[in-house]
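Trainee: final-v5.csv (CSV, C-alpha atoms and all ligand atoms) pasted underneath:
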chain,number,residue,atom,x,y,z
A,1,MET,CA,0.0,0.0,0.0
A,2,LYS,CA,1.0,3.6,-0.2
A,3,ILE,CA,0.8,5.4,3.1
A,4,LEU,CA,0.9,9.1,3.8
A,5,VAL,CA,2.7,9.6,7.2
A,6,THR,CA,2.3,13.1,8.7
A,7,GLY,CA,4.9,13.8,11.3
A,8,GLY,CA,7.0,11.0,9.8
A,9,THR,CA,10.4,12.5,10.7
A,10,GLY,CA,9.3,12.7,14.3
A,11,TYR,CA,10.1,10.2,17.1
A,12,ILE,CA,7.3,7.7,16.7
A,13,GLY,CA,6.6,8.5,13.0
A,14,SER,CA,10.2,7.7,12.0
A,15,HIS,CA,10.2,4.3,13.7
A,16,THR,CA,6.8,3.6,12.1
A,17,CYS,CA,8.2,4.5,8.7
A,18,VAL,CA,11.0,2.0,9.1
A,19,GLU,CA,8.5,-0.8,9.8
A,20,LEU,CA,6.2,0.3,6.9
A,21,LEU,CA,9.2,0.2,4.5
A,22,LYS,CA,10.3,-3.1,5.9
A,23,GLU,CA,6.8,-4.5,5.0
A,24,GLY,CA,7.2,-3.2,1.5
A,25,HIS,CA,4.8,-0.3,1.7
A,26,ALA,CA,5.5,2.9,-0.2
A,27,VAL,CA,5.8,5.8,2.2
A,28,VAL,CA,5.2,9.6,1.7
A,29,ILE,CA,6.2,11.7,4.7
A,30,LEU,CA,4.8,15.2,5.3
A,31,ASP,CA,6.6,17.1,8.1
A,32,ASN,CA,7.4,20.8,8.6
A,33,LEU,CA,10.4,19.8,10.8
A,34,ARG,CA,9.2,21.9,13.7
A,35,ASN,CA,10.3,19.2,16.1
A,36,SER,CA,12.5,16.9,14.0
A,37,LYS,CA,15.3,16.9,11.5
A,38,ALA,CA,15.5,15.9,7.9
A,39,ALA,CA,18.7,14.0,8.8
A,40,VAL,CA,16.6,11.1,10.2
A,41,LEU,CA,15.5,10.3,6.6
A,42,GLU,CA,18.8,8.6,6.0
A,43,PRO,CA,18.6,6.1,8.8
A,44,VAL,CA,14.9,5.5,8.1
A,45,ALA,CA,15.8,4.5,4.5
A,46,ALA,CA,18.8,2.4,5.6
A,47,LEU,CA,16.8,0.6,8.3
A,48,GLY,CA,13.6,0.3,6.3
A,49,GLY,CA,15.3,-0.9,3.1
A,50,GLY,CA,13.5,1.7,1.0
A,51,THR,CA,13.3,5.4,0.4
A,52,PRO,CA,10.4,7.4,1.6
A,53,VAL,CA,9.2,10.4,-0.4
A,54,PHE,CA,9.7,13.4,1.8
A,55,VAL,CA,7.6,16.6,1.5
A,56,GLU,CA,8.7,19.4,3.8
A,57,GLY,CA,5.6,21.4,4.6
A,58,ASP,CA,2.7,22.2,7.0
A,59,MET,CA,-0.4,20.0,7.3
A,60,ARG,CA,-2.4,23.2,7.6
A,61,ASP,CA,-1.5,24.1,4.0
A,62,ARG,CA,-4.5,22.8,2.1
A,63,PRO,CA,-3.2,23.4,-1.5
A,64,LEU,CA,-0.1,21.4,-0.5
A,65,LEU,CA,-2.2,18.6,0.9
A,66,ASP,CA,-4.3,18.5,-2.3
A,67,SER,CA,-1.2,18.3,-4.4
A,68,ILE,CA,0.1,15.4,-2.3
A,69,PHE,CA,-3.2,13.4,-2.5
A,70,ALA,CA,-3.4,14.2,-6.3
A,71,ARG,CA,0.2,13.1,-6.9
A,72,HIS,CA,0.5,10.1,-4.6
A,73,ALA,CA,-3.1,8.9,-4.1
A,74,PRO,CA,-2.3,7.2,-0.7
A,75,ASP,CA,-4.4,4.3,0.4
A,76,ALA,CA,-4.2,5.4,4.1
A,77,VAL,CA,-2.9,8.2,6.3
A,78,ILE,CA,-1.1,7.7,9.6
A,79,HIS,CA,-1.4,11.0,11.4
A,80,PHE,CA,1.4,11.7,13.8
A,81,ALA,CA,2.0,15.4,13.1
A,82,GLY,CA,1.3,17.8,15.9
A,83,LEU,CA,2.6,19.5,19.0
A,84,LYS,CA,3.0,17.3,22.1
A,85,CYS,CA,4.7,19.3,24.9
A,86,VAL,CA,2.3,19.6,27.9
A,87,PRO,CA,4.0,22.7,29.6
A,88,GLU,CA,4.3,24.5,26.2
A,89,SER,CA,0.6,23.9,25.6
A,90,ILE,CA,-0.3,25.7,28.8
A,91,LEU,CA,1.9,28.7,27.8
A,92,ASN,CA,0.7,28.7,24.1
A,93,PRO,CA,-2.7,27.1,24.0
A,94,LEU,CA,-3.7,28.8,20.7
A,95,ASP,CA,-0.6,27.4,19.0
A,96,TYR,CA,-1.7,23.9,20.1
A,97,TYR,CA,-5.3,24.3,19.1
A,98,ASN,CA,-4.3,25.8,15.8
A,99,THR,CA,-1.7,23.2,14.9
A,100,ASN,CA,-3.4,20.1,16.3
A,101,LEU,CA,-7.1,20.8,15.6
A,102,TYR,CA,-6.9,23.0,12.5
A,103,GLY,CA,-4.1,20.7,11.1
A,104,THR,CA,-6.2,17.6,11.6
A,105,VAL,CA,-9.4,19.2,10.2
A,106,THR,CA,-7.5,20.4,7.1
A,107,LEU,CA,-6.0,17.0,6.6
A,108,LEU,CA,-9.5,15.3,6.9
A,109,GLU,CA,-10.9,17.8,4.4
A,110,ALA,CA,-8.2,17.0,1.9
A,111,MET,CA,-8.7,13.3,2.5
A,112,GLN,CA,-12.4,13.6,2.0
A,113,ALA,CA,-11.9,15.5,-1.2
A,114,ALA,CA,-9.5,12.9,-2.5
A,115,GLY,CA,-11.6,10.0,-1.5
A,116,CYS,CA,-9.0,8.5,0.9
A,117,LYS,CA,-10.8,6.5,3.5
A,118,ASN,CA,-8.3,4.9,6.0
A,119,PHE,CA,-6.9,7.0,8.9
A,120,VAL,CA,-4.9,6.1,11.9
A,121,PHE,CA,-4.6,8.7,14.6
A,122,SER,CA,-2.0,9.1,17.4
A,123,SER,CA,-4.1,9.6,20.5
A,124,SER,CA,-2.9,9.3,24.0
A,125,ALA,CA,-3.7,7.7,27.4
A,126,THR,CA,-4.1,11.3,28.5
A,127,VAL,CA,-7.7,11.1,27.2
A,128,TYR,CA,-8.6,8.8,30.2
A,129,GLY,CA,-8.2,11.9,32.5
A,130,SER,CA,-7.8,11.5,36.3
A,131,LYS,CA,-11.1,10.0,37.3
A,132,ASN,CA,-11.0,6.6,35.7
A,133,SER,CA,-9.2,3.8,37.6
A,134,VAL,CA,-6.4,1.6,36.3
A,135,PRO,CA,-6.0,-0.4,34.2
A,136,PHE,CA,-7.6,2.0,31.6
A,137,HIS,CA,-9.7,0.2,29.0
A,138,GLU,CA,-11.1,1.5,25.8
A,139,GLU,CA,-14.8,1.5,26.8
A,140,MET,CA,-14.2,3.9,29.7
A,141,PRO,CA,-15.5,7.4,29.3
A,142,THR,CA,-12.8,9.8,28.3
A,143,GLY,CA,-12.1,12.3,31.0
A,144,THR,CA,-11.2,16.0,31.2
A,145,ALA,CA,-7.6,16.9,30.3
A,146,THR,CA,-5.6,19.0,32.7
A,147,ASN,CA,-3.8,20.9,29.8
A,148,PRO,CA,-4.5,22.1,26.3
A,149,TYR,CA,-2.4,19.4,24.7
A,150,GLY,CA,-4.6,16.7,26.3
A,151,THR,CA,-7.7,18.6,25.3
A,152,THR,CA,-6.7,18.6,21.7
A,153,LYS,CA,-6.5,14.8,21.8
A,154,ILE,CA,-9.9,14.5,23.4
A,155,MET,CA,-11.3,17.0,20.8
A,156,ILE,CA,-9.7,15.3,17.8
A,157,GLU,CA,-11.1,11.9,18.9
A,158,GLN,CA,-14.6,13.5,18.9
A,159,ILE,CA,-13.9,15.2,15.5
A,160,LEU,CA,-13.0,11.8,14.1
A,161,ARG,CA,-16.1,10.1,15.5
A,162,ASP,CA,-18.3,12.9,14.0
A,163,TYR,CA,-16.4,12.6,10.7
A,164,ALA,CA,-16.9,8.9,10.5
A,165,ALA,CA,-20.6,9.2,11.4
A,166,ALA,CA,-21.0,11.5,8.4
A,167,GLN,CA,-18.7,9.5,6.1
A,168,PRO,CA,-19.9,5.8,6.4
A,169,ALA,CA,-17.1,4.6,4.1
A,170,ALA,CA,-14.4,6.0,6.3
A,171,SER,CA,-12.3,3.7,8.5
A,172,ILE,CA,-10.7,5.4,11.5
A,173,CYS,CA,-8.4,4.0,14.2
A,174,LEU,CA,-7.7,5.8,17.4
A,175,LEU,CA,-4.5,4.5,18.9
A,176,ARG,CA,-4.0,5.6,22.5
A,177,TYR,CA,-0.4,5.4,23.3
A,178,PHE,CA,0.8,5.1,26.9
A,179,ASN,CA,4.4,6.3,27.5
A,180,PRO,CA,6.5,5.7,24.4
A,181,VAL,CA,10.3,5.4,25.2
A,182,GLY,CA,13.4,3.7,23.8
A,183,ALA,CA,15.0,3.9,20.4
A,184,HIS,CA,15.7,1.6,17.4
A,185,PRO,CA,18.0,-1.2,18.6
A,186,SER,CA,20.5,-0.2,15.9
A,187,GLY,CA,21.1,3.0,17.8
A,188,LYS,CA,20.6,5.0,14.6
A,189,LEU,CA,17.1,6.3,15.3
A,190,GLY,CA,15.6,7.6,18.5
A,191,GLU,CA,14.0,10.6,20.2
A,192,SER,CA,15.6,13.9,19.4
A,193,PRO,CA,13.2,16.7,20.3
A,194,ASN,CA,14.2,20.3,19.5
A,195,GLY,CA,15.0,22.1,22.8
A,196,VAL,CA,15.0,20.8,26.3
A,197,PRO,CA,13.0,17.5,26.7
A,198,ASN,CA,10.3,17.2,29.3
A,199,ASN,CA,9.6,13.5,29.3
A,200,ILE,CA,11.4,11.3,31.7
A,201,MET,CA,13.4,9.0,29.4
A,202,PRO,CA,15.2,11.8,27.3
A,203,LEU,CA,15.8,13.6,30.6
A,204,ILE,CA,17.4,10.5,32.1
A,205,ALA,CA,19.6,10.1,28.9
A,206,ASP,CA,20.6,13.8,29.1
A,207,VAL,CA,21.6,13.4,32.8
A,208,ALA,CA,23.6,10.2,32.0
A,209,ARG,CA,25.4,12.1,29.2
A,210,GLY,CA,26.3,14.9,31.6
A,211,ARG,CA,24.1,17.4,29.6
A,212,LEU,CA,22.0,18.0,32.7
A,213,PRO,CA,23.3,18.1,36.3
A,214,ALA,CA,20.7,15.9,37.9
A,215,LEU,CA,17.4,14.1,37.4
A,216,GLN,CA,14.5,15.7,39.2
A,217,ILE,CA,12.2,13.0,40.6
A,218,THR,CA,8.9,14.9,40.5
A,219,GLY,CA,6.6,13.5,43.2
A,220,THR,CA,7.6,11.2,46.0
A,221,ASP,CA,4.4,10.9,48.0
A,222,PHE,CA,2.0,9.4,45.4
A,223,GLU,CA,0.0,6.4,46.6
A,224,THR,CA,2.3,4.0,44.9
A,225,PRO,CA,4.6,1.3,46.4
A,226,ASP,CA,7.7,3.6,46.4
A,227,GLY,CA,5.9,7.0,46.3
A,228,THR,CA,6.9,7.9,42.8
A,229,GLY,CA,4.7,8.0,39.7
A,230,VAL,CA,3.8,4.8,37.9
A,231,ARG,CA,3.5,4.7,34.1
A,232,ASP,CA,3.1,2.1,31.3
A,233,TYR,CA,6.4,2.6,29.4
A,234,ILE,CA,6.3,1.1,25.9
A,235,HIS,CA,9.2,0.6,23.5
A,236,VAL,CA,8.8,2.7,20.4
A,237,VAL,CA,9.5,-0.3,18.1
A,238,ASP,CA,6.6,-2.2,19.8
A,239,LEU,CA,4.5,0.9,19.3
A,240,ALA,CA,5.5,1.1,15.6
A,241,LEU,CA,4.6,-2.5,15.1
A,242,GLY,CA,1.2,-1.8,16.7
A,243,HIS,CA,0.5,0.6,13.8
A,244,MET,CA,1.2,-2.1,11.2
A,245,LYS,CA,-1.5,-4.3,12.9
A,246,ALA,CA,-3.9,-1.4,13.1
A,247,LEU,CA,-3.4,-0.6,9.4
A,248,GLU,CA,-4.1,-4.2,8.5
A,249,LYS,CA,-7.2,-4.2,10.6
A,250,ILE,CA,-8.8,-1.0,9.3
A,251,CYS,CA,-8.1,-1.1,5.6
A,252,GLY,CA,-11.1,-2.6,4.0
A,253,SER,CA,-13.2,-2.0,7.1
A,254,THR,CA,-15.4,1.0,8.1
A,255,GLY,CA,-16.3,2.9,11.3
A,256,VAL,CA,-14.1,3.9,14.3
A,257,SER,CA,-12.0,1.5,16.3
A,258,VAL,CA,-10.0,2.4,19.5
A,259,TYR,CA,-7.0,0.5,20.9
A,260,ASN,CA,-4.7,1.1,23.8
A,261,LEU,CA,-1.0,0.6,22.9
A,262,GLY,CA,0.8,-0.1,26.1
A,263,THR,CA,2.4,-3.1,27.9
A,264,GLY,CA,-0.2,-3.3,30.6
A,265,LYS,CA,2.5,-3.1,33.3
A,266,GLY,CA,3.1,-0.1,35.6
A,267,VAL,CA,6.7,0.9,36.4
A,268,SER,CA,7.6,3.5,38.9
A,269,VAL,CA,10.1,6.4,38.3
A,270,LEU,CA,12.6,4.8,40.7
A,271,GLU,CA,12.2,1.4,39.0
A,272,LEU,CA,12.9,3.0,35.6
A,273,VAL,CA,15.9,4.9,36.9
A,274,ARG,CA,17.3,1.8,38.6
A,275,ALA,CA,16.9,-0.2,35.3
A,276,PHE,CA,18.7,2.6,33.4
A,277,GLU,CA,21.5,2.7,35.9
A,278,GLN,CA,22.0,-1.0,35.6
A,279,VAL,CA,22.1,-1.3,31.8
A,280,SER,CA,24.2,1.8,31.4
A,281,GLY,CA,26.5,1.4,34.4
A,282,VAL,CA,26.0,5.1,35.1
A,283,THR,CA,24.8,6.3,38.5
A,284,LEU,CA,22.4,9.2,37.9
A,285,PRO,CA,22.5,12.2,40.3
A,286,LYS,CA,19.0,12.7,41.5
A,287,VAL,CA,17.0,15.4,43.3
A,288,PHE,CA,13.6,14.9,44.8
A,289,ALA,CA,11.0,17.5,43.9
A,290,PRO,CA,7.3,18.1,44.4
A,291,CYS,CA,5.0,16.5,41.8
A,292,ARG,CA,4.1,18.5,38.7
A,293,PRO,CA,0.6,20.0,38.7
A,294,GLY,CA,-2.0,17.7,37.1
A,295,ASP,CA,0.2,14.5,37.3
A,296,VAL,CA,-1.7,11.3,38.1
A,297,ALA,CA,-0.2,8.8,40.4
A,298,VAL,CA,-0.7,5.7,38.3
A,299,CYS,CA,-1.4,5.1,34.6
A,300,TYR,CA,-1.3,1.8,32.8
A,301,ALA,CA,-3.3,0.1,30.1
A,302,ASP,CA,-5.6,-2.8,29.8
A,303,THR,CA,-4.1,-4.3,26.6
A,304,SER,CA,-6.5,-7.2,26.1
A,305,LYS,CA,-8.5,-5.5,23.2
A,306,ALA,CA,-5.3,-4.9,21.1
A,307,ALA,CA,-4.2,-8.5,21.8
A,308,ARG,CA,-7.6,-10.0,20.9
A,309,GLU,CA,-8.5,-7.9,17.9
A,310,LEU,CA,-5.1,-6.8,16.4
A,311,GLY,CA,-3.1,-9.8,17.5
A,312,TRP,CA,-0.6,-7.3,18.9
A,313,LYS,CA,1.3,-7.4,22.2
A,314,ALA,CA,4.3,-5.4,23.3
A,315,GLN,CA,7.4,-7.7,23.4
A,316,ARG,CA,10.2,-5.5,24.7
A,317,SER,CA,11.3,-5.1,28.3
A,318,VAL,CA,12.1,-2.1,30.4
A,319,ASP,CA,15.8,-3.1,30.2
A,320,ASP,CA,15.5,-3.1,26.3
A,321,MET,CA,13.9,0.4,26.5
A,322,CYS,CA,16.8,1.7,28.6
A,323,ARG,CA,19.6,0.0,26.7
A,324,ASP,CA,18.3,1.2,23.3
A,325,THR,CA,17.9,4.8,24.7
A,326,TRP,CA,21.4,4.7,26.0
A,327,ASN,CA,22.9,3.4,22.8
A,328,TYR,CA,21.1,6.0,20.7
A,329,SER,CA,22.0,8.9,22.9
A,330,ARG,CA,25.7,8.0,22.6
A,331,LEU,CA,25.7,7.1,18.9
A,332,ARG,CA,23.7,9.9,17.5
A,333,GLU,CA,24.9,13.0,19.3
A,334,ASP,CA,24.5,14.7,15.9
A,335,LEU,CA,20.7,14.2,15.9
A,336,ILE,CA,20.2,15.1,19.5
A,337,ASN,CA,20.6,18.8,20.5
B,401,LIG,P1,7.4,14.4,17.5
B,401,LIG,O1,7.3,15.8,17.9
B,401,LIG,O2,8.7,13.7,17.6
B,401,LIG,O3,6.7,14.2,16.1
B,401,LIG,C1,5.7,15.1,15.6
B,401,LIG,C2,6.1,15.6,14.2
B,401,LIG,O4,5.1,16.4,13.7
B,401,LIG,C3,7.4,16.3,14.3
B,401,LIG,O5,8.3,15.8,13.4
B,401,LIG,C4,7.0,17.8,13.9
B,401,LIG,O6,8.0,18.4,13.1
B,401,LIG,C5,5.8,17.5,13.0
B,401,LIG,N1,4.8,18.6,13.0
B,401,LIG,C6,4.4,19.4,14.0
B,401,LIG,N2,3.6,20.3,13.5
B,401,LIG,C7,3.4,20.1,12.2
B,401,LIG,C8,2.7,20.7,11.1
B,401,LIG,N3,1.9,21.8,11.4
B,401,LIG,N4,2.8,20.2,9.9
B,401,LIG,C9,3.6,19.1,9.6
B,401,LIG,N5,4.3,18.5,10.6
B,401,LIG,C10,4.2,19.0,11.8
B,401,LIG,O7,6.3,13.6,18.5
B,401,LIG,P2,6.1,12.1,18.7
B,401,LIG,O8,6.5,11.7,20.1
B,401,LIG,O9,6.6,11.3,17.5
B,401,LIG,O10,4.5,12.0,18.7
B,401,LIG,C11,3.8,11.7,17.5
B,401,LIG,C12,2.3,11.8,17.8
B,401,LIG,O11,2.0,10.9,18.9
B,401,LIG,C13,1.9,13.2,18.2
B,401,LIG,O12,0.6,13.4,17.7
B,401,LIG,C14,1.8,13.1,19.8
B,401,LIG,O13,0.8,13.9,20.3
B,401,LIG,C15,1.3,11.6,19.9
B,401,LIG,N6,1.7,11.0,21.2
B,401,LIG,C16,3.0,11.1,21.6
B,401,LIG,C17,3.3,10.6,22.9
B,401,LIG,C18,4.7,10.7,23.4
B,401,LIG,O14,4.9,10.6,24.6
B,401,LIG,N7,5.7,10.8,22.5
B,401,LIG,C19,2.3,10.0,23.7
B,401,LIG,C20,1.0,9.9,23.2
B,401,LIG,C21,0.7,10.4,21.9
B,402,LIG,C1,6.6,10.1,33.4
B,402,LIG,C2,6.9,10.0,34.9
B,402,LIG,C3,6.7,12.0,36.2
B,402,LIG,C4,9.9,14.3,34.4
B,402,LIG,C5,3.3,12.8,29.2
B,402,LIG,C6,2.1,13.5,28.7
B,402,LIG,C7,1.2,12.4,28.0
B,402,LIG,C8,2.0,11.7,26.9
B,402,LIG,C9,3.2,11.1,27.5
B,402,LIG,C10,1.9,12.7,24.8
B,402,LIG,C11,5.9,10.7,35.8
B,402,LIG,C12,8.1,11.5,36.2
B,402,LIG,C13,9.0,13.3,34.7
B,402,LIG,C14,10.9,14.6,35.4
B,402,LIG,C15,10.1,12.8,36.8
B,402,LIG,N1,2.4,12.6,25.9
B,402,LIG,N2,9.1,12.6,35.9
B,402,LIG,N3,11.0,13.9,36.5
B,402,LIG,O1,3.6,12.9,32.3
B,402,LIG,O2,3.2,10.4,32.1
B,402,LIG,O3,3.0,11.8,30.1
B,402,LIG,O4,4.0,12.2,28.1
B,402,LIG,O5,0.8,12.4,24.5
B,402,LIG,O6,0.1,13.1,27.5
B,402,LIG,O7,1.4,14.0,29.8
B,402,LIG,O8,5.2,11.4,31.0
B,402,LIG,O9,7.6,11.3,30.8
B,402,LIG,O10,6.6,13.5,31.5
B,402,LIG,O11,6.6,11.5,33.1
B,402,LIG,O12,10.2,12.2,37.9
B,402,LIG,O13,11.7,15.5,35.2
B,402,LIG,O14,8.2,10.6,35.2
B,402,LIG,O15,6.3,12.4,37.5
B,402,LIG,O16,5.7,9.9,36.9
B,402,LIG,P1,3.7,11.6,31.5
B,402,LIG,P2,6.6,12.0,31.5
Write the structure described by the file as structure tokens, please.
Ligand code: NAD
Ligand code: WQD
Mentor:
Amino acid sequence: MKILVTGGTGYIGSHTCVELLKEGHAVVILDNLRNSKAAVLEPVAALGGGTPVFVEGDMRDRPLLDSIFARHAPDAVIHFAGLKCVPESILNPLDYYNTNLYGTVTLLEAMQAAGCKNFVFSSSATVYGSKNSVPFHEEMPTGTATNPYGTTKIMIEQILRDYAAAQPAASICLLRYFNPVGAHPSGKLGESPNGVPNNIMPLIADVARGRLPALQITGTDFETPDGTGVRDYIHVVDLALGHMKALEKICGSTGVSVYNLGTGKGVSVLELVRAFEQVSGVTLPKVFAPCRPGDVAVCYADTSKAARELGWKAQRSVDDMCRDTWNYSRLREDLIN
């Protein structure tokens, strides 16, 4: 198949492009490089064994989208593009609403005009909010987000449901990612956000490389076994493989399907830090800090629906996630700031 991947030079998009190319799909990437570098295209091609078409541009540019659909006629779209930094979204909500909402609506309009029916969306566990209890399963009501970023995910899910209701031939898949971490095992591809990271794994890697003086452990009195936050960390390659299964499932189908992509296991910050220290041999300087506003104590997935309906299950361990992050952060200093 031919797949349009928005945000395909980004962290999760680039790993997914590798798996798409490995399966023999033709890949067209649209990315404006706001949070990624064109240099990742080389490892994507090398690891995937094929060359994606790269279009540098903005998903809010409707004439550009129309020209991509006219020229390439993709069978499906995997929509990663967007802004994802929670604190930034609190400071610049309009930027987030404009990019994430207007960007998605423009993309859907172009798809509808071109008659492209299959759509996979990068949603997030953040849509479960703070009132549901773990493990989160897909039938739970979505909650209220504590930040504009999370609100865009809840709103886009609703937009996609409304779109599918009006377009009975459309096939939409909402993939709710838990906490994606890790890197390609080759060490050639990983997470390289522009600017200072705010997610735990790139922060750990930056402390280990001496780029940051210490890791702040944000929250020590949560109601968890060791007092630190518990999350469902999922290796980015497992996540990418989940997209392959989702694509298989939705192409030729109709309606909206929703799947959690996580491991189903909760890991505390201290457990993650210990695993990283063990695989890297580096002791991380740590400071204990109050919890961040809006943080939940525990978040992990019920993964049974994805196992049952997609035949997908995450295979990689927390040690794999730490080892691959560490390899990448030392091998590809050029891609990381
Ligand atoms: P990323 O920032 O690495 O990738 C997003 C890509 O979108 C970047 O390459 C960026 O340059 C591009 N982009 C941004 N605005 C654009 C625009 N207007 N037009 C074209 N391209 C644009 O992020 P990621 O971690 O790979 O996340 C991918 C998707 O998954 C995002 O939608 C994110 O919200 C979602 N998600 C991520 C996580 C996570 O923790 N990484 C968790 C849940 C959901
Ligand atoms: C993980 C754990 C922190 C930073 C966020 C978004 C979510 C999704 C994934 C995109 C928590 C602790 C963190 C630090 C720490 N993103 N921590 N020190 O908050 O679970 O989820 O990213 O969709 O929407 O909210 O991920 O990596 O920021 O935090 O101790 O400096 O690490 O308390 O327990 P989070 P995270």
Trainee: With distances taken over all atoms listed in the file, which residue among A:Met321, A:Cys173, A:Met155, A:Ala301 lies nearest A:Phe119?
Mentor: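 Among the listed residues, the smallest separation from A:Phe119 belongs to A:Cys173.
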Trainee: Please identify all polymer residues within 12 Å of A:Leu101, counting only C-alpha atoms, omitting same-chain residues fewer than 3 positions from it, and present them as a PyMOL selection string.
Mentor: chain A and resi 59-60+81-83+93-98+104-108+148-160
Trainee: Would you list the residues that come within 6 Å of ligand LIG 401 (chain B)? Count only C-alpha atoms and all ligand atoms and give the answer as a PDB file with C-alpha atoms, in the frame of the given file.
Mentor:
ATOM      1  CA  GLY A   7       4.900  13.800  11.300  1.00  0.00           C
ATOM      2  CA  THR A   9      10.400  12.500  10.700  1.00  0.00           C
ATOM      3  CA  GLY A  10       9.300  12.700  14.300  1.00  0.00           C
ATOM      4  CA  TYR A  11      10.100  10.200  17.100  1.00  0.00           C
ATOM      5  CA  ILE A  12       7.300   7.700  16.700  1.00  0.00           C
ATOM      6  CA  GLY A  13       6.600   8.500  13.000  1.00  0.00           C
ATOM      7  CA  LEU A  30       4.800  15.200   5.300  1.00  0.00           C
ATOM      8  CA  ASP A  31       6.600  17.100   8.100  1.00  0.00           C
ATOM      9  CA  ASN A  32       7.400  20.800   8.600  1.00  0.00           C
ATOM     10  CA  LEU A  33      10.400  19.800  10.800  1.00  0.00           C
ATOM     11  CA  ARG A  34       9.200  21.900  13.700  1.00  0.00           C
ATOM     12  CA  ASN A  35      10.300  19.200  16.100  1.00  0.00           C
ATOM     13  CA  SER A  36      12.500  16.900  14.000  1.00  0.00           C
ATOM     14  CA  GLY A  57       5.600  21.400   4.600  1.00  0.00           C
ATOM     15  CA  ASP A  58       2.700  22.200   7.000  1.00  0.00           C
ATOM     16  CA  MET A  59      -0.400  20.000   7.300  1.00  0.00           C
ATOM     17  CA  ARG A  60      -2.400  23.200   7.600  1.00  0.00           C
ATOM     18  CA  PHE A  80       1.400  11.700  13.800  1.00  0.00           C
ATOM     19  CA  ALA A  81       2.000  15.400  13.100  1.00  0.00           C
ATOM     20  CA  GLY A  82       1.300  17.800  15.900  1.00  0.00           C
ATOM     21  CA  LEU A  83       2.600  19.500  19.000  1.00  0.00           C
ATOM     22  CA  LYS A  84       3.000  17.300  22.100  1.00  0.00           C
ATOM     23  CA  THR A  99      -1.700  23.200  14.900  1.00  0.00           C
ATOM     24  CA  SER A 122      -2.000   9.100  17.400  1.00  0.00           C
ATOM     25  CA  SER A 123      -4.100   9.600  20.500  1.00  0.00           C
ATOM     26  CA  SER A 124      -2.900   9.300  24.000  1.00  0.00           C
ATOM     27  CA  TYR A 177      -0.400   5.400  23.300  1.00  0.00           C
ATOM     28  CA  ASN A 179       4.400   6.300  27.500  1.00  0.00           C
ATOM     29  CA  PRO A 180       6.500   5.700  24.400  1.00  0.00           C
TER      30      PRO A 180
END
Trainee: Find the distance between atom CA of A:Ile217 and atom O13 of ligand LIG 402 (chain B) and write it in Å to one decimal.
Mentor: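 So the answer is 6.0 Å.
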Trainee: Name all residues at most 9 Å from A:Leu215 (count all atoms listed in the file; drop same-chain ones fewer than 4 positions away) and give them as a list of chain:residue names.
Mentor: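 Those residues are A:Ile200, A:Leu203, A:Ile204, A:Asp206, A:Val207, A:Leu284, A:Pro285, A:Lys286, A:Val287, A:Phe288.
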Trainee: Within 6 Å of stretch 252-268 of chain A, counting all atoms listed in the file, which residues show up once you throw out same-chain ones fewer than 4 positions away? Write them as a VMD selection string, please.
Mentor: chain A and resid 169 to 178 228 to 232 234 300 to 303 306 314
Trainee: Smallest atom-to-atom distance to A:Glu23: which of A:Glu223, A:His243, A:Lys37, A:Ala73, using only C-alpha atoms?
Mentor: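 The closest residue to A:Glu23 is A:His243.
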Trainee: Distance atom O3 of ligand LIG 402 (chain B)-atom CA of A:Cys291, one decimal place?
Mentor: 12.8 Å
Trainee: I'd like to know which of A:Ala125, A:Val282, A:Cys322, A:Leu241 is closest to ligand LIG 402 (chain B), using all atoms listed in the file.
Mentor: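 Counting all atoms listed in the file, the residue closest to ligand LIG 402 (chain B) is A:Ala125.
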Trainee: Kindly compute an axis-aligned box around the listed atoms of ligand LIG 402 (chain B), allowing 4 Å on each side, and express its centre and edge lengths in Å to one decimal as lines of an AutoDock Vina configuration file.
Mentor:
center_x = 5.9
center_y = 12.7
center_z = 31.2
size_x = 19.6
size_y = 13.6
size_z = 21.4
Trainee: List every protein, DNA or RNA residue that has at least one atom no more than 10 Å from (7.4, -5.9, 1.6) in the file's coordinates, counting all atoms listed in the file, and write the result as a list in words.
Mentor: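 Those within range, by chain then number, are Met1, Glu19, Leu20, Leu21, Lys22, Glu23, Gly24, His25, Ala26, Gly48, Gly49 and Gly50 of chain A.
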Trainee: Write the selection just made, keeping C-alpha atoms, as a PDB file, in the coordinates of the input?
Mentor:
ATOM      1  CA  MET A   1       0.000   0.000   0.000  1.00  0.00           C
ATOM      2  CA  GLU A  19       8.500  -0.800   9.800  1.00  0.00           C
ATOM      3  CA  LEU A  20       6.200   0.300   6.900  1.00  0.00           C
ATOM      4  CA  LEU A  21       9.200   0.200   4.500  1.00  0.00           C
ATOM      5  CA  LYS A  22      10.300  -3.100   5.900  1.00  0.00           C
ATOM      6  CA  GLU A  23       6.800  -4.500   5.000  1.00  0.00           C
ATOM      7  CA  GLY A  24       7.200  -3.200   1.500  1.00  0.00           C
ATOM      8  CA  HIS A  25       4.800  -0.300   1.700  1.00  0.00           C
ATOM      9  CA  ALA A  26       5.500   2.900  -0.200  1.00  0.00           C
ATOM     10  CA  GLY A  48      13.600   0.300   6.300  1.00  0.00           C
ATOM     11  CA  GLY A  49      15.300  -0.900   3.100  1.00  0.00           C
ATOM     12  CA  GLY A  50      13.500   1.700   1.000  1.00  0.00           C
TER      13      GLY A  50
END
Trainee: Would you mind telling me which residue in A:Ser89, A:Gln216, A:Thr283, A:Ser192 lies nearest to ligand LIG 402 (chain B) when using only C-alpha atoms and all ligand atoms?
Mentor: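 Smallest separation from ligand LIG 402 (chain B) among the options: A:Gln216.
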